[in-house]
Amino acid sequence: MRRYFFDLCENGDFFPDREGCECPDASKAYEVAREKVRRVFRRRLREGRVPVGGYVSVRLDCGERLMFVPYRDVLAAS
């Protein structure tokens, strides 16, 4: 399995994922990214903020960016 990293970009701030996690393929990494968006959104709501302009950037251990998962896409599908 490959190691994928899920970097968070929100309101111009960038938070790199330094640990990542192993996934069998990019499809599973996409699902992990969607779950990360949901968790961040719940956390921000508890803090009294509504994040609207963020996304998770999924990259491989070699640094190659595979996809961007915008908050709005995940929340619209929920």
# chains A, B, ... in the order shown; residues from 1 in each chain; ligands from 1

call {"tool": "closest_atom_pairs", "arguments": {"of": "range 5-26 of chain A", "to": "range 53-56 of chain A", "cutoff": "8 Å", "atoms": "only C-alpha atoms", "output": "CSV"}}
result
residue,atom,partner,partner_atom,distance
A:Phe6,CA,A:Val56,CA,6.0
A:Asp7,CA,A:Val56,CA,5.5
A:Leu8,CA,A:Val56,CA,4.7
A:Cys9,CA,A:Gly54,CA,5.4
A:Glu10,CA,A:Gly54,CA,4.1
A:Asn11,CA,A:Gly53,CA,6.0

call {"tool": "write_last_selection", "arguments": {"atoms": "N, CA and C atoms", "output": "PDB file, in the first residue's frame"}}
result
ATOM      1  N   PHE A   6      -2.761  14.177   3.464  1.00  0.00           N
ATOM      2  CA  PHE A   6      -3.983  14.957   3.315  1.00  0.00           C
ATOM      3  C   PHE A   6      -3.748  16.357   3.885  1.00  0.00           C
ATOM      4  N   ASP A   7      -3.253  17.249   3.047  1.00  0.00           N
ATOM      5  CA  ASP A   7      -2.940  18.616   3.461  1.00  0.00           C
ATOM      6  C   ASP A   7      -4.214  19.451   3.462  1.00  0.00           C
ATOM      7  N   LEU A   8      -4.325  20.304   4.452  1.00  0.00           N
ATOM      8  CA  LEU A   8      -5.503  21.140   4.613  1.00  0.00           C
ATOM      9  C   LEU A   8      -5.184  22.578   4.232  1.00  0.00           C
ATOM     10  N   CYS A   9      -6.020  23.170   3.415  1.00  0.00           N
ATOM     11  CA  CYS A   9      -5.896  24.583   3.079  1.00  0.00           C
ATOM     12  C   CYS A   9      -7.229  25.246   3.403  1.00  0.00           C
ATOM     13  N   GLU A  10      -7.142  26.267   4.261  1.00  0.00           N
ATOM     14  CA  GLU A  10      -8.372  26.910   4.719  1.00  0.00           C
ATOM     15  C   GLU A  10      -8.129  28.403   4.912  1.00  0.00           C
ATOM     16  N   ASN A  11      -8.918  29.209   4.210  1.00  0.00           N
ATOM     17  CA  ASN A  11      -8.827  30.667   4.326  1.00  0.00           C
ATOM     18  C   ASN A  11      -7.398  31.178   4.150  1.00  0.00           C
TER      19      ASN A  11
END

call {"tool": "select_by_dssp", "arguments": {"residues": "chain A", "states": "strand (DSSP E or B)", "output": "list in words"}}
result
Arg2, Arg3, Tyr4, Phe5, Phe6, Asp7, Leu8, Cys9, Glu10, Asp13, Phe14, Phe15, Cys21, Glu22, Cys23, Tyr55, Val56, Ser57, Val58, Arg59, Leu60, Arg65, Leu66, Met67, Phe68, Val69 and Pro70 of chain A

call {"tool": "atom_distance", "arguments": {"atom1": "CA of Asp17 in chain A", "atom2": "CA of Arg2 in chain A"}}
result
15.0 Å

call {"tool": "residues_around", "arguments": {"residues": "Ala76 in chain A", "least_positions_apart": "5", "cutoff": "12 Å", "atoms": "only C-alpha atoms", "output": "MDAnalysis selection string"}}
result
chainID A and resid 34 37:38 52 70:71

call {"tool": "closest_residue", "arguments": {"among": "A:Glu64, A:Tyr4, A:Leu75, A:Glu47", "to": "Val32 in chain A", "atoms": "only C-alpha atoms"}}
result
A:Tyr4

call {"tool": "select_by_dssp", "arguments": {"residues": "chain A", "states": "helix (DSSP H, G or I)", "output": "JSON, numbers by chain"}}
result
{"A": [26, 27, 28, 29, 30, 31, 32, 33, 34, 35, 36, 37, 38, 39, 40, 41, 42, 43, 44, 45, 46, 71, 72, 73, 74, 75, 76, 77]}

call {"tool": "write_last_selection", "arguments": {"atoms": "C-alpha atoms", "output": "PDB file, in the first residue's frame"}}
result
ATOM      1  CA  ALA A  26      -6.627   6.592  -4.786  1.00  0.00           C
ATOM      2  CA  SER A  27     -10.320   5.804  -4.419  1.00  0.00           C
ATOM      3  CA  LYS A  28      -9.853   4.967  -0.745  1.00  0.00           C
ATOM      4  CA  ALA A  29      -7.673   8.080  -0.317  1.00  0.00           C
ATOM      5  CA  TYR A  30     -10.555  10.135  -1.733  1.00  0.00           C
ATOM      6  CA  GLU A  31     -12.896   8.668   0.901  1.00  0.00           C
ATOM      7  CA  VAL A  32     -10.368   9.442   3.657  1.00  0.00           C
ATOM      8  CA  ALA A  33     -10.130  13.042   2.382  1.00  0.00           C
ATOM      9  CA  ARG A  34     -13.926  13.378   2.453  1.00  0.00           C
ATOM     10  CA  GLU A  35     -14.009  12.155   6.047  1.00  0.00           C
ATOM     11  CA  LYS A  36     -11.296  14.646   6.992  1.00  0.00           C
ATOM     12  CA  VAL A  37     -13.402  17.450   5.520  1.00  0.00           C
ATOM     13  CA  ARG A  38     -16.393  16.326   7.596  1.00  0.00           C
ATOM     14  CA  ARG A  39     -14.316  16.213  10.795  1.00  0.00           C
ATOM     15  CA  VAL A  40     -12.816  19.668  10.175  1.00  0.00           C
ATOM     16  CA  PHE A  41     -16.242  21.087   9.435  1.00  0.00           C
ATOM     17  CA  ARG A  42     -17.706  19.673  12.675  1.00  0.00           C
ATOM     18  CA  ARG A  43     -14.742  21.023  14.667  1.00  0.00           C
ATOM     19  CA  ARG A  44     -15.056  24.488  13.141  1.00  0.00           C
ATOM     20  CA  LEU A  45     -18.788  24.572  13.888  1.00  0.00           C
ATOM     21  CA  ARG A  46     -18.075  23.762  17.548  1.00  0.00           C
ATOM     22  CA  TYR A  71     -15.253  21.487   1.410  1.00  0.00           C
ATOM     23  CA  ARG A  72     -18.250  22.637  -0.621  1.00  0.00           C
ATOM     24  CA  ASP A  73     -18.309  19.444  -2.727  1.00  0.00           C
ATOM     25  CA  VAL A  74     -18.312  17.198   0.335  1.00  0.00           C
ATOM     26  CA  LEU A  75     -20.902  19.244   2.198  1.00  0.00           C
ATOM     27  CA  ALA A  76     -23.200  19.501  -0.831  1.00  0.00           C
ATOM     28  CA  ALA A  77     -23.180  15.703  -1.178  1.00  0.00           C
TER      29      ALA A  77
END

call {"tool": "closest_residue", "arguments": {"among": "A:Val50, A:Leu60, A:Met1, A:Val69", "to": "Glu22 in chain A", "atoms": "only C-alpha atoms"}}
result
A:Met1
